[in-house]
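Below: one structure, written as structure tokens.
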Amino acid sequence: MTTRTAVITGASAGIGAATARSLARAGFHVVLGARRADKLEALAEETSGTALTLDVTDADSVASFVERVPECHVLVNNAGGAKGLERVDEADEDHWRWMWETNVLGTLRVTKSLLPKLVASGDGHVITVTSIAGHGVYPGGAGYTSSKHAQAALHQTLRAEHLGDPVRVTEIVPGAVQTEFSVNRFDGDADRAAKVYEGYQPLTAEDVADVVSFAATRPSHVNLDQIVMKPRAQL
Ligand code: NDP
């Protein structure tokens, strides 16, 4: 059987890195994209994959990344994150711009550019890691939740637009996962980040990666539209 290629954005850490390991174990050739080249190189060596630097907020970087991707059967749109936790009346526009550029336009740029290769593969699959924040709201979260709502809408539209094509579309919707996400959100404030997970056991990056791999390894006529997963104690 020919080896299928999986492209993972945000593969240098957290859910993306765990997903790369899991898909490599499942037999995929993994193409790893993110900004931190040193982390990508180490993971490429471990997974026998290909490391390609990628900044999803930069159209030239995305174009050069996509040019170097030889083929693509599975695209995991995972690069993303959050900045700050301000109420709407105190919203920081730089934080909003970062989240919309990364989570929404970043997903658009990569997906749009790789769709021809996904269709040409004859068995393409777009898997997007959105969030329960893309399906609800919480105080202080409007910048992040609005970007994740938009990312989810963009992703779900693909399902409608590509029904006639050999492309599957799966949305992974996690609750709290313990990664660098919260430390990055609070600009390196580890104490504040740790408070996010107080009182319950969060998901691990590997928990999410297992589910991504499960979706990616179903027979090609099976489309898992949306998978919501949360820590047991998270509402
Ligand atoms: P991490 O902060 O651990 O990882 C984020 C990844 O995104 C890194 O690999 C980072 O790589 C990459 N990234 C960030 N900006 C860019 C960019 N401009 N271009 C390319 N890559 C970028 O967070 P998680 O693993 O937790 O998050 C992964 C996804 O899961 C995100 O979309 C997040 O919104 C979502 N999610 C996370 C949850 C959580 O609780 N952790 C819950 C639900 C969803 P680098 O810095 O090297 O570029």
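Residue numbering restarts at 1 in every chain; chains get A, B, ... in the order shown in the structure tokens, and ligands count up from 1 in that same order.
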Considering only C-alpha atoms and all ligand atoms, tabulate each residue of chain A that lies at most 6 Å from ligand 1 along with its nearest interatomic pair and the corresponding distance in Å to one decimal; arrange the rows by chain and ascending residue number and present them as JSON lines.
{"residue": "A:Thr9", "atom": "CA", "partner": "ligand 1", "partner_atom_place_in_ligand_line": "21 (N)", "distance": 5.9}
{"residue": "A:Gly10", "atom": "CA", "partner": "ligand 1", "partner_atom_place_in_ligand_line": "9 (O)", "distance": 3.4}
{"residue": "A:Ala11", "atom": "CA", "partner": "ligand 1", "partner_atom_place_in_ligand_line": "9 (O)", "distance": 4.6}
{"residue": "A:Ser12", "atom": "CA", "partner": "ligand 1", "partner_atom_place_in_ligand_line": "9 (O)", "distance": 3.9}
{"residue": "A:Ala13", "atom": "CA", "partner": "ligand 1", "partner_atom_place_in_ligand_line": "9 (O)", "distance": 4.2}
{"residue": "A:Gly14", "atom": "CA", "partner": "ligand 1", "partner_atom_place_in_ligand_line": "25 (O)", "distance": 3.5}
{"residue": "A:Ile15", "atom": "CA", "partner": "ligand 1", "partner_atom_place_in_ligand_line": "25 (O)", "distance": 3.8}
{"residue": "A:Gly16", "atom": "CA", "partner": "ligand 1", "partner_atom_place_in_ligand_line": "25 (O)", "distance": 5.7}
{"residue": "A:Ala34", "atom": "CA", "partner": "ligand 1", "partner_atom_place_in_ligand_line": "21 (N)", "distance": 3.9}
{"residue": "A:Arg35", "atom": "CA", "partner": "ligand 1", "partner_atom_place_in_ligand_line": "48 (O)", "distance": 3.5}
{"residue": "A:Arg36", "atom": "CA", "partner": "ligand 1", "partner_atom_place_in_ligand_line": "47 (O)", "distance": 3.7}
{"residue": "A:Leu54", "atom": "CA", "partner": "ligand 1", "partner_atom_place_in_ligand_line": "20 (C)", "distance": 5.2}
{"residue": "A:Asp55", "atom": "CA", "partner": "ligand 1", "partner_atom_place_in_ligand_line": "19 (N)", "distance": 3.4}
{"residue": "A:Val56", "atom": "CA", "partner": "ligand 1", "partner_atom_place_in_ligand_line": "19 (N)", "distance": 4.0}
{"residue": "A:Thr57", "atom": "CA", "partner": "ligand 1", "partner_atom_place_in_ligand_line": "18 (N)", "distance": 5.0}
{"residue": "A:Asn78", "atom": "CA", "partner": "ligand 1", "partner_atom_place_in_ligand_line": "32 (O)", "distance": 4.7}
{"residue": "A:Ala79", "atom": "CA", "partner": "ligand 1", "partner_atom_place_in_ligand_line": "7 (O)", "distance": 3.6}
{"residue": "A:Gly80", "atom": "CA", "partner": "ligand 1", "partner_atom_place_in_ligand_line": "32 (O)", "distance": 3.6}
{"residue": "A:Gly81", "atom": "CA", "partner": "ligand 1", "partner_atom_place_in_ligand_line": "34 (O)", "distance": 4.2}
{"residue": "A:Thr102", "atom": "CA", "partner": "ligand 1", "partner_atom_place_in_ligand_line": "18 (N)", "distance": 5.4}
{"residue": "A:Val129", "atom": "CA", "partner": "ligand 1", "partner_atom_place_in_ligand_line": "30 (O)", "distance": 5.5}
{"residue": "A:Thr130", "atom": "CA", "partner": "ligand 1", "partner_atom_place_in_ligand_line": "44 (C)", "distance": 5.4}
{"residue": "A:Ser131", "atom": "CA", "partner": "ligand 1", "partner_atom_place_in_ligand_line": "43 (C)", "distance": 3.9}
{"residue": "A:Pro174", "atom": "CA", "partner": "ligand 1", "partner_atom_place_in_ligand_line": "43 (C)", "distance": 4.4}
{"residue": "A:Gly175", "atom": "CA", "partner": "ligand 1", "partner_atom_place_in_ligand_line": "42 (C)", "distance": 4.9}
{"residue": "A:Ala176", "atom": "CA", "partner": "ligand 1", "partner_atom_place_in_ligand_line": "40 (O)", "distance": 3.7}
{"residue": "A:Val177", "atom": "CA", "partner": "ligand 1", "partner_atom_place_in_ligand_line": "40 (O)", "distance": 3.7}
{"residue": "A:Gln178", "atom": "CA", "partner": "ligand 1", "partner_atom_place_in_ligand_line": "41 (N)", "distance": 5.5}
{"residue": "A:Thr179", "atom": "CA", "partner": "ligand 1", "partner_atom_place_in_ligand_line": "3 (O)", "distance": 4.5}
{"residue": "A:Glu180", "atom": "CA", "partner": "ligand 1", "partner_atom_place_in_ligand_line": "3 (O)", "distance": 3.9}
{"residue": "A:Phe181", "atom": "CA", "partner": "ligand 1", "partner_atom_place_in_ligand_line": "2 (O)", "distance": 3.7}
What's around Glu86 (chain A) at 7 Å? Count only C-alpha atoms, leave out sequence neighbours fewer than 4 positions away in its own chain, and write the answer as a list of chain:residue names. A:Glu90, A:Ala91, A:Gly140, A:Gly141
Store the residues picked out above, limited to C-alpha atoms, as a tab-separated table (two decimals), in the first residue's frame.
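What landed in selection_15.tsv:
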chain	number	residue	atom	x	y	z
A	90	GLU	CA	-11.31	46.31	28.07
A	91	ALA	CA	-10.54	44.40	24.85
A	140	GLY	CA	-13.17	37.56	29.10
A	141	GLY	CA	-13.07	35.12	26.20
Report the residues of region 19-227 of chain A whose backbone DSSP state falls under helix (DSSP H, G or I), written as an mmCIF file with N, CA and C atoms, in the first residue's frame.
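Output below, filename result-v9.cif:
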data_model
loop_
_atom_site.group_PDB
_atom_site.id
_atom_site.type_symbol
_atom_site.label_atom_id
_atom_site.label_comp_id
_atom_site.auth_asym_id
_atom_site.auth_seq_id
_atom_site.Cartn_x
_atom_site.Cartn_y
_atom_site.Cartn_z
ATOM 1 N N THR A 19 -0.006 14.729 17.837
ATOM 2 C CA THR A 19 -0.717 14.216 16.650
ATOM 3 C C THR A 19 0.277 13.709 15.606
ATOM 4 N N ALA A 20 1.383 14.428 15.440
ATOM 5 C CA ALA A 20 2.406 13.980 14.476
ATOM 6 C C ALA A 20 2.942 12.612 14.887
ATOM 7 N N ARG A 21 3.220 12.460 16.177
ATOM 8 C CA ARG A 21 3.729 11.156 16.655
ATOM 9 C C ARG A 21 2.688 10.063 16.416
ATOM 10 N N SER A 22 1.438 10.368 16.716
ATOM 11 C CA SER A 22 0.385 9.369 16.604
ATOM 12 C C SER A 22 0.141 8.974 15.137
ATOM 13 N N LEU A 23 0.118 9.969 14.247
ATOM 14 C CA LEU A 23 -0.109 9.665 12.818
ATOM 15 C C LEU A 23 1.099 8.930 12.219
ATOM 16 N N ALA A 24 2.294 9.259 12.681
ATOM 17 C CA ALA A 24 3.490 8.534 12.195
ATOM 18 C C ALA A 24 3.399 7.068 12.622
ATOM 19 N N ARG A 25 2.977 6.848 13.869
ATOM 20 C CA ARG A 25 2.809 5.458 14.354
ATOM 21 C C ARG A 25 1.754 4.734 13.531
ATOM 22 N N ALA A 37 11.894 26.059 14.183
ATOM 23 C CA ALA A 37 12.555 25.047 13.350
ATOM 24 C C ALA A 37 13.261 23.987 14.194
ATOM 25 N N ASP A 38 13.885 24.373 15.321
ATOM 26 C CA ASP A 38 14.641 23.398 16.121
ATOM 27 C C ASP A 38 13.722 22.291 16.634
ATOM 28 N N LYS A 39 12.546 22.666 17.103
ATOM 29 C CA LYS A 39 11.600 21.665 17.621
ATOM 30 C C LYS A 39 11.087 20.762 16.497
ATOM 31 N N LEU A 40 10.838 21.370 15.334
ATOM 32 C CA LEU A 40 10.347 20.584 14.191
ATOM 33 C C LEU A 40 11.382 19.570 13.734
ATOM 34 N N GLU A 41 12.664 20.028 13.678
ATOM 35 C CA GLU A 41 13.746 19.139 13.221
ATOM 36 C C GLU A 41 13.841 17.918 14.133
ATOM 37 N N ALA A 42 13.790 18.149 15.454
ATOM 38 C CA ALA A 42 13.909 17.034 16.411
ATOM 39 C C ALA A 42 12.747 16.059 16.227
ATOM 40 N N LEU A 43 11.540 16.603 16.030
ATOM 41 C CA LEU A 43 10.368 15.735 15.883
ATOM 42 C C LEU A 43 10.394 15.007 14.540
ATOM 43 N N ALA A 44 10.924 15.671 13.512
ATOM 44 C CA ALA A 44 11.024 15.027 12.195
ATOM 45 C C ALA A 44 11.965 13.828 12.280
ATOM 46 N N GLU A 45 13.037 13.998 13.047
ATOM 47 C CA GLU A 45 13.977 12.884 13.196
ATOM 48 C C GLU A 45 13.290 11.712 13.919
ATOM 49 N N GLU A 46 12.561 12.044 14.970
ATOM 50 C CA GLU A 46 11.882 11.010 15.776
ATOM 51 C C GLU A 46 10.810 10.276 14.976
ATOM 52 N N THR A 47 10.114 10.994 14.075
ATOM 53 C CA THR A 47 8.963 10.409 13.367
ATOM 54 C C THR A 47 9.285 10.042 11.914
ATOM 55 N N ALA A 59 1.413 35.213 4.393
ATOM 56 C CA ALA A 59 0.989 34.581 3.131
ATOM 57 C C ALA A 59 2.172 34.008 2.354
ATOM 58 N N ASP A 60 3.328 34.689 2.365
ATOM 59 C CA ASP A 60 4.502 34.189 1.636
ATOM 60 C C ASP A 60 5.018 32.893 2.266
ATOM 61 N N SER A 61 5.025 32.862 3.600
ATOM 62 C CA SER A 61 5.474 31.658 4.297
ATOM 63 C C SER A 61 4.555 30.472 3.968
ATOM 64 N N VAL A 62 3.241 30.724 3.942
ATOM 65 C CA VAL A 62 2.284 29.644 3.619
ATOM 66 C C VAL A 62 2.510 29.173 2.182
ATOM 67 N N ALA A 63 2.712 30.128 1.256
ATOM 68 C CA ALA A 63 2.906 29.762 -0.160
ATOM 69 C C ALA A 63 4.156 28.904 -0.315
ATOM 70 N N SER A 64 5.233 29.296 0.367
ATOM 71 C CA SER A 64 6.476 28.531 0.216
ATOM 72 C C SER A 64 6.345 27.159 0.899
ATOM 73 N N PHE A 65 5.610 27.091 2.014
ATOM 74 C CA PHE A 65 5.354 25.815 2.700
ATOM 75 C C PHE A 65 4.602 24.860 1.769
ATOM 76 N N VAL A 66 3.501 25.370 1.205
ATOM 77 C CA VAL A 66 2.638 24.521 0.369
ATOM 78 C C VAL A 66 3.389 24.033 -0.875
ATOM 79 N N GLU A 67 4.238 24.895 -1.408
ATOM 80 C CA GLU A 67 5.047 24.512 -2.578
ATOM 81 C C GLU A 67 5.947 23.321 -2.267
ATOM 82 N N ARG A 68 6.437 23.268 -0.999
ATOM 83 C CA ARG A 68 7.367 22.196 -0.617
ATOM 84 C C ARG A 68 6.653 20.925 -0.145
ATOM 85 N N VAL A 88 -15.005 42.526 27.191
ATOM 86 C CA VAL A 88 -15.173 43.292 25.942
ATOM 87 C C VAL A 88 -14.880 44.781 26.164
ATOM 88 N N ASP A 89 -15.292 45.310 27.347
ATOM 89 C CA ASP A 89 -15.063 46.755 27.553
ATOM 90 C C ASP A 89 -13.594 47.090 27.810
ATOM 91 N N GLU A 90 -12.752 46.052 27.908
ATOM 92 C CA GLU A 90 -11.314 46.305 28.069
ATOM 93 C C GLU A 90 -10.509 45.593 26.979
ATOM 94 N N GLU A 93 -6.929 45.203 21.253
ATOM 95 C CA GLU A 93 -7.059 44.921 19.812
ATOM 96 C C GLU A 93 -5.864 44.147 19.265
ATOM 97 N N ASP A 94 -4.697 44.315 19.869
ATOM 98 C CA ASP A 94 -3.539 43.524 19.409
ATOM 99 C C ASP A 94 -3.769 42.038 19.678
ATOM 100 N N HIS A 95 -4.354 41.736 20.838
ATOM 101 C CA HIS A 95 -4.686 40.326 21.129
ATOM 102 C C HIS A 95 -5.694 39.786 20.114
ATOM 103 N N TRP A 96 -6.720 40.579 19.847
ATOM 104 C CA TRP A 96 -7.745 40.153 18.869
ATOM 105 C C TRP A 96 -7.107 39.903 17.500
ATOM 106 N N ARG A 97 -6.258 40.859 17.088
ATOM 107 C CA ARG A 97 -5.622 40.716 15.766
ATOM 108 C C ARG A 97 -4.799 39.437 15.709
ATOM 109 N N TRP A 98 -4.037 39.151 16.777
ATOM 110 C CA TRP A 98 -3.198 37.939 16.813
ATOM 111 C C TRP A 98 -4.081 36.699 16.644
ATOM 112 N N MET A 99 -5.182 36.651 17.401
ATOM 113 C CA MET A 99 -6.033 35.442 17.367
ATOM 114 C C MET A 99 -6.753 35.294 16.033
ATOM 115 N N TRP A 100 -7.229 36.408 15.486
ATOM 116 C CA TRP A 100 -7.926 36.310 14.198
ATOM 117 C C TRP A 100 -6.951 35.989 13.068
ATOM 118 N N GLU A 101 -5.767 36.575 13.093
ATOM 119 C CA GLU A 101 -4.759 36.282 12.059
ATOM 120 C C GLU A 101 -4.340 34.811 12.123
ATOM 121 N N THR A 102 -4.121 34.319 13.359
ATOM 122 C CA THR A 102 -3.609 32.953 13.508
ATOM 123 C C THR A 102 -4.718 31.915 13.334
ATOM 124 N N ASN A 103 -5.783 32.063 14.110
ATOM 125 C CA ASN A 103 -6.800 31.002 14.161
ATOM 126 C C ASN A 103 -7.730 31.002 12.943
ATOM 127 N N VAL A 104 -8.046 32.182 12.431
ATOM 128 C CA VAL A 104 -9.022 32.248 11.329
ATOM 129 C C VAL A 104 -8.305 32.351 9.981
ATOM 130 N N LEU A 105 -7.577 33.458 9.790
ATOM 131 C CA LEU A 105 -6.934 33.639 8.480
ATOM 132 C C LEU A 105 -5.828 32.608 8.268
ATOM 133 N N GLY A 106 -5.157 32.198 9.345
ATOM 134 C CA GLY A 106 -4.126 31.151 9.219
ATOM 135 C C GLY A 106 -4.732 29.853 8.700
ATOM 136 N N THR A 107 -5.872 29.473 9.291
ATOM 137 C CA THR A 107 -6.560 28.243 8.842
ATOM 138 C C THR A 107 -7.011 28.403 7.389
ATOM 139 N N LEU A 108 -7.534 29.583 7.067
ATOM 140 C CA LEU A 108 -7.989 29.823 5.688
ATOM 141 C C LEU A 108 -6.832 29.691 4.692
ATOM 142 N N ARG A 109 -5.709 30.375 5.000
ATOM 143 C CA ARG A 109 -4.575 30.379 4.049
ATOM 144 C C ARG A 109 -4.085 28.966 3.762
ATOM 145 N N VAL A 110 -3.873 28.186 4.827
ATOM 146 C CA VAL A 110 -3.307 26.841 4.640
ATOM 147 C C VAL A 110 -4.311 25.943 3.924
ATOM 148 N N THR A 111 -5.568 25.992 4.364
ATOM 149 C CA THR A 111 -6.589 25.103 3.787
ATOM 150 C C THR A 111 -6.808 25.412 2.311
ATOM 151 N N LYS A 112 -6.978 26.701 2.029
ATOM 152 C CA LYS A 112 -7.227 27.128 0.645
ATOM 153 C C LYS A 112 -6.091 26.666 -0.271
ATOM 154 N N SER A 113 -4.854 26.805 0.201
ATOM 155 C CA SER A 113 -3.707 26.485 -0.650
ATOM 156 C C SER A 113 -3.491 24.981 -0.805
ATOM 157 N N LEU A 114 -3.917 24.200 0.218
ATOM 158 C CA LEU A 114 -3.682 22.751 0.112
ATOM 159 C C LEU A 114 -4.872 21.993 -0.482
ATOM 160 N N LEU A 115 -6.017 22.646 -0.627
ATOM 161 C CA LEU A 115 -7.195 21.925 -1.131
ATOM 162 C C LEU A 115 -6.965 21.247 -2.482
ATOM 163 N N PRO A 116 -6.294 21.911 -3.446
ATOM 164 C CA PRO A 116 -6.069 21.208 -4.720
ATOM 165 C C PRO A 116 -5.300 19.893 -4.530
ATOM 166 N N LYS A 117 -4.315 19.896 -3.626
ATOM 167 C CA LYS A 117 -3.556 18.653 -3.390
ATOM 168 C C LYS A 117 -4.405 17.613 -2.647
ATOM 169 N N LEU A 118 -5.272 18.075 -1.752
ATOM 170 C CA LEU A 118 -6.159 17.147 -1.035
ATOM 171 C C LEU A 118 -7.125 16.482 -2.008
ATOM 172 N N VAL A 119 -7.704 17.267 -2.919
ATOM 173 C CA VAL A 119 -8.643 16.711 -3.902
ATOM 174 C C VAL A 119 -7.883 15.768 -4.837
ATOM 175 N N ALA A 120 -6.703 16.198 -5.295
ATOM 176 C CA ALA A 120 -5.919 15.389 -6.242
ATOM 177 C C ALA A 120 -5.477 14.060 -5.637
ATOM 178 N N ILE A 132 -14.108 23.845 22.246
ATOM 179 C CA ILE A 132 -15.465 24.105 22.769
ATOM 180 C C ILE A 132 -15.687 25.622 22.834
ATOM 181 N N ALA A 133 -14.586 26.389 22.824
ATOM 182 C CA ALA A 133 -14.706 27.859 22.763
ATOM 183 C C ALA A 133 -15.299 28.317 21.429
ATOM 184 N N GLY A 134 -15.308 27.436 20.443
ATOM 185 C CA GLY A 134 -15.904 27.751 19.148
ATOM 186 C C GLY A 134 -17.397 27.449 19.125
ATOM 187 N N ALA A 142 -14.062 36.733 24.638
ATOM 188 C CA ALA A 142 -14.666 37.070 23.334
ATOM 189 C C ALA A 142 -13.678 37.035 22.168
ATOM 190 N N GLY A 143 -12.446 37.496 22.403
ATOM 191 C CA GLY A 143 -11.469 37.480 21.307
ATOM 192 C C GLY A 143 -11.204 36.059 20.837
ATOM 193 N N TYR A 144 -10.967 35.168 21.785
ATOM 194 C CA TYR A 144 -10.666 33.767 21.443
ATOM 195 C C TYR A 144 -11.910 33.044 20.932
ATOM 196 N N THR A 145 -13.032 33.174 21.666
ATOM 197 C CA THR A 145 -14.218 32.418 21.242
ATOM 198 C C THR A 145 -14.702 32.887 19.863
ATOM 199 N N SER A 146 -14.631 34.196 19.605
ATOM 200 C CA SER A 146 -15.105 34.666 18.293
ATOM 201 C C SER A 146 -14.209 34.116 17.183
ATOM 202 N N SER A 147 -12.896 34.031 17.456
ATOM 203 C CA SER A 147 -12.001 33.493 16.417
ATOM 204 C C SER A 147 -12.257 31.994 16.207
ATOM 205 N N LYS A 148 -12.573 31.290 17.291
ATOM 206 C CA LYS A 148 -12.824 29.841 17.164
ATOM 207 C C LYS A 148 -14.198 29.569 16.536
ATOM 208 N N HIS A 149 -15.190 30.442 16.826
ATOM 209 C CA HIS A 149 -16.489 30.320 16.135
ATOM 210 C C HIS A 149 -16.270 30.491 14.628
ATOM 211 N N ALA A 150 -15.470 31.489 14.267
ATOM 212 C CA ALA A 150 -15.230 31.756 12.838
ATOM 213 C C ALA A 150 -14.466 30.598 12.208
ATOM 214 N N GLN A 151 -13.477 30.073 12.931
ATOM 215 C CA GLN A 151 -12.707 28.939 12.407
ATOM 216 C C GLN A 151 -13.631 27.726 12.194
ATOM 217 N N ALA A 152 -14.537 27.498 13.163
ATOM 218 C CA ALA A 152 -15.465 26.359 13.043
ATOM 219 C C ALA A 152 -16.398 26.557 11.842
ATOM 220 N N ALA A 153 -16.874 27.785 11.636
ATOM 221 C CA ALA A 153 -17.775 28.057 10.508
ATOM 222 C C ALA A 153 -17.051 27.860 9.175
ATOM 223 N N LEU A 154 -15.815 28.347 9.124
ATOM 224 C CA LEU A 154 -15.004 28.159 7.905
ATOM 225 C C LEU A 154 -14.829 26.662 7.619
ATOM 226 N N HIS A 155 -14.465 25.930 8.666
ATOM 227 C CA HIS A 155 -14.235 24.488 8.516
ATOM 228 C C HIS A 155 -15.511 23.771 8.062
ATOM 229 N N GLN A 156 -16.653 24.078 8.732
ATOM 230 C CA GLN A 156 -17.899 23.361 8.411
ATOM 231 C C GLN A 156 -18.381 23.674 6.997
ATOM 232 N N THR A 157 -18.064 24.852 6.508
ATOM 233 C CA THR A 157 -18.453 25.220 5.146
ATOM 234 C C THR A 157 -17.782 24.308 4.119
ATOM 235 N N LEU A 158 -16.573 23.861 4.438
ATOM 236 C CA LEU A 158 -15.859 22.970 3.508
ATOM 237 C C LEU A 158 -16.651 21.696 3.241
ATOM 238 N N ARG A 159 -17.318 21.206 4.302
ATOM 239 C CA ARG A 159 -18.091 19.960 4.178
ATOM 240 C C ARG A 159 -19.166 20.140 3.105
ATOM 241 N N ALA A 160 -19.829 21.311 3.148
ATOM 242 C CA ALA A 160 -20.901 21.583 2.182
ATOM 243 C C ALA A 160 -20.330 21.815 0.785
ATOM 244 N N GLU A 161 -19.184 22.480 0.721
ATOM 245 C CA GLU A 161 -18.630 22.838 -0.591
ATOM 246 C C GLU A 161 -17.956 21.662 -1.294
ATOM 247 N N PHE A 181 -0.473 26.120 25.802
ATOM 248 C CA PHE A 181 -1.548 27.049 25.420
ATOM 249 C C PHE A 181 -1.780 28.148 26.463
ATOM 250 N N SER A 182 -1.984 27.739 27.728
ATOM 251 C CA SER A 182 -2.340 28.739 28.755
ATOM 252 C C SER A 182 -1.149 29.600 29.137
ATOM 253 N N VAL A 183 0.048 29.022 29.147
ATOM 254 C CA VAL A 183 1.253 29.817 29.446
ATOM 255 C C VAL A 183 1.431 30.879 28.359
ATOM 256 N N ASN A 184 1.226 30.482 27.106
ATOM 257 C CA ASN A 184 1.335 31.453 26.000
ATOM 258 C C ASN A 184 0.233 32.503 26.095
ATOM 259 N N ARG A 185 -0.952 32.058 26.498
ATOM 260 C CA ARG A 185 -2.087 32.997 26.584
ATOM 261 C C ARG A 185 -1.766 34.119 27.576
ATOM 262 N N ALA A 190 3.278 31.291 34.398
ATOM 263 C CA ALA A 190 2.966 29.879 34.652
ATOM 264 C C ALA A 190 1.961 29.718 35.791
ATOM 265 N N ASP A 191 2.018 30.587 36.811
ATOM 266 C CA ASP A 191 1.085 30.464 37.947
ATOM 267 C C ASP A 191 -0.348 30.718 37.491
ATOM 268 N N ARG A 192 -0.504 31.750 36.685
ATOM 269 C CA ARG A 192 -1.845 32.072 36.173
ATOM 270 C C ARG A 192 -2.344 30.945 35.264
ATOM 271 N N ALA A 193 -1.422 30.401 34.465
ATOM 272 C CA ALA A 193 -1.792 29.305 33.553
ATOM 273 C C ALA A 193 -2.233 28.078 34.345
ATOM 274 N N ALA A 194 -1.518 27.773 35.442
ATOM 275 C CA ALA A 194 -1.831 26.570 36.225
ATOM 276 C C ALA A 194 -3.233 26.674 36.832
ATOM 277 N N LYS A 195 -3.665 27.880 37.140
ATOM 278 C CA LYS A 195 -5.000 28.073 37.757
ATOM 279 C C LYS A 195 -6.126 27.607 36.826
ATOM 280 N N ALA A 205 -2.393 16.239 25.569
ATOM 281 C CA ALA A 205 -2.255 16.372 24.111
ATOM 282 C C ALA A 205 -2.428 15.008 23.445
ATOM 283 N N GLU A 206 -1.956 13.959 24.138
ATOM 284 C CA GLU A 206 -2.047 12.603 23.567
ATOM 285 C C GLU A 206 -3.508 12.141 23.480
ATOM 286 N N ASP A 207 -4.328 12.556 24.471
ATOM 287 C CA ASP A 207 -5.761 12.188 24.412
ATOM 288 C C ASP A 207 -6.371 12.711 23.106
ATOM 289 N N VAL A 208 -6.026 13.951 22.760
ATOM 290 C CA VAL A 208 -6.596 14.555 21.538
ATOM 291 C C VAL A 208 -5.984 13.889 20.298
ATOM 292 N N ALA A 209 -4.676 13.657 20.360
ATOM 293 C CA ALA A 209 -3.982 13.039 19.211
ATOM 294 C C ALA A 209 -4.577 11.667 18.878
ATOM 295 N N ASP A 210 -4.926 10.900 19.912
ATOM 296 C CA ASP A 210 -5.533 9.573 19.684
ATOM 297 C C ASP A 210 -6.812 9.712 18.865
ATOM 298 N N VAL A 211 -7.595 10.745 19.181
ATOM 299 C CA VAL A 211 -8.884 10.931 18.501
ATOM 300 C C VAL A 211 -8.666 11.414 17.065
ATOM 301 N N VAL A 212 -7.680 12.287 16.874
ATOM 302 C CA VAL A 212 -7.359 12.735 15.506
ATOM 303 C C VAL A 212 -6.960 11.526 14.667
ATOM 304 N N SER A 213 -6.116 10.678 15.245
ATOM 305 C CA SER A 213 -5.662 9.491 14.505
ATOM 306 C C SER A 213 -6.812 8.550 14.195
ATOM 307 N N PHE A 214 -7.715 8.399 15.166
ATOM 308 C CA PHE A 214 -8.880 7.536 14.937
ATOM 309 C C PHE A 214 -9.665 8.053 13.724
ATOM 310 N N ALA A 215 -9.910 9.379 13.708
ATOM 311 C CA ALA A 215 -10.679 9.957 12.594
ATOM 312 C C ALA A 215 -9.948 9.755 11.267
ATOM 313 N N ALA A 216 -8.638 9.925 11.294
ATOM 314 C CA ALA A 216 -7.852 9.861 10.046
ATOM 315 C C ALA A 216 -7.710 8.444 9.510
#
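Here CA of His125 (chain A) and CA of Pro202 (chain A) stand 27.6 Å from one another.
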Rows by chain and residue number, region 40-146 of chain A within 6 Å of region 165-169 of chain A, shortest pair, only C-alpha atoms, as a Markdown table:
| residue | atom | partner | partner_atom | distance |
| --- | --- | --- | --- | --- |
| A:Gly122 | CA | A:Pro166 | CA | 5.5 |
| A:Asp123 | CA | A:Pro166 | CA | 5.2 |
| A:Gly124 | CA | A:Val167 | CA | 4.3 |
| A:His125 | CA | A:Arg168 | CA | 4.4 |
| A:Val126 | CA | A:Val169 | CA | 4.9 |
| A:Ile127 | CA | A:Val169 | CA | 6.0 |
Output file for the selection above: C-alpha atoms, as a tab-separated table (two decimals), in the first residue's frame:
chain	number	residue	atom	x	y	z
A	122	GLY	CA	-8.26	11.00	-4.37
A	123	ASP	CA	-8.81	10.50	-0.61
A	124	GLY	CA	-8.32	13.84	1.11
A	125	HIS	CA	-9.24	14.72	4.68
A	126	VAL	CA	-9.29	18.11	6.40
A	127	ILE	CA	-9.20	17.79	10.19
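Using only C-alpha atoms, the shortest contact distance between Arg218 (chain A) and any of A:Ser48, A:Ala26, A:Asp92, A:Tyr138 is found at A:Ala26.
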Counting only C-alpha atoms, closest pick from A:Ala17, A:Ala233, A:Val31, A:Ile172 relative to His135 (chain A) is A:Ile172
Between A:Pro139, A:Asp189, A:Asp225, A:Tyr197, which is the closest to Thr170 (chain A) once you count only C-alpha atoms? A:Asp225
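With CA of Gly27 (chain A) on one side and CA of Ile8 (chain A) on the other, the separation reads 14.5 Å.
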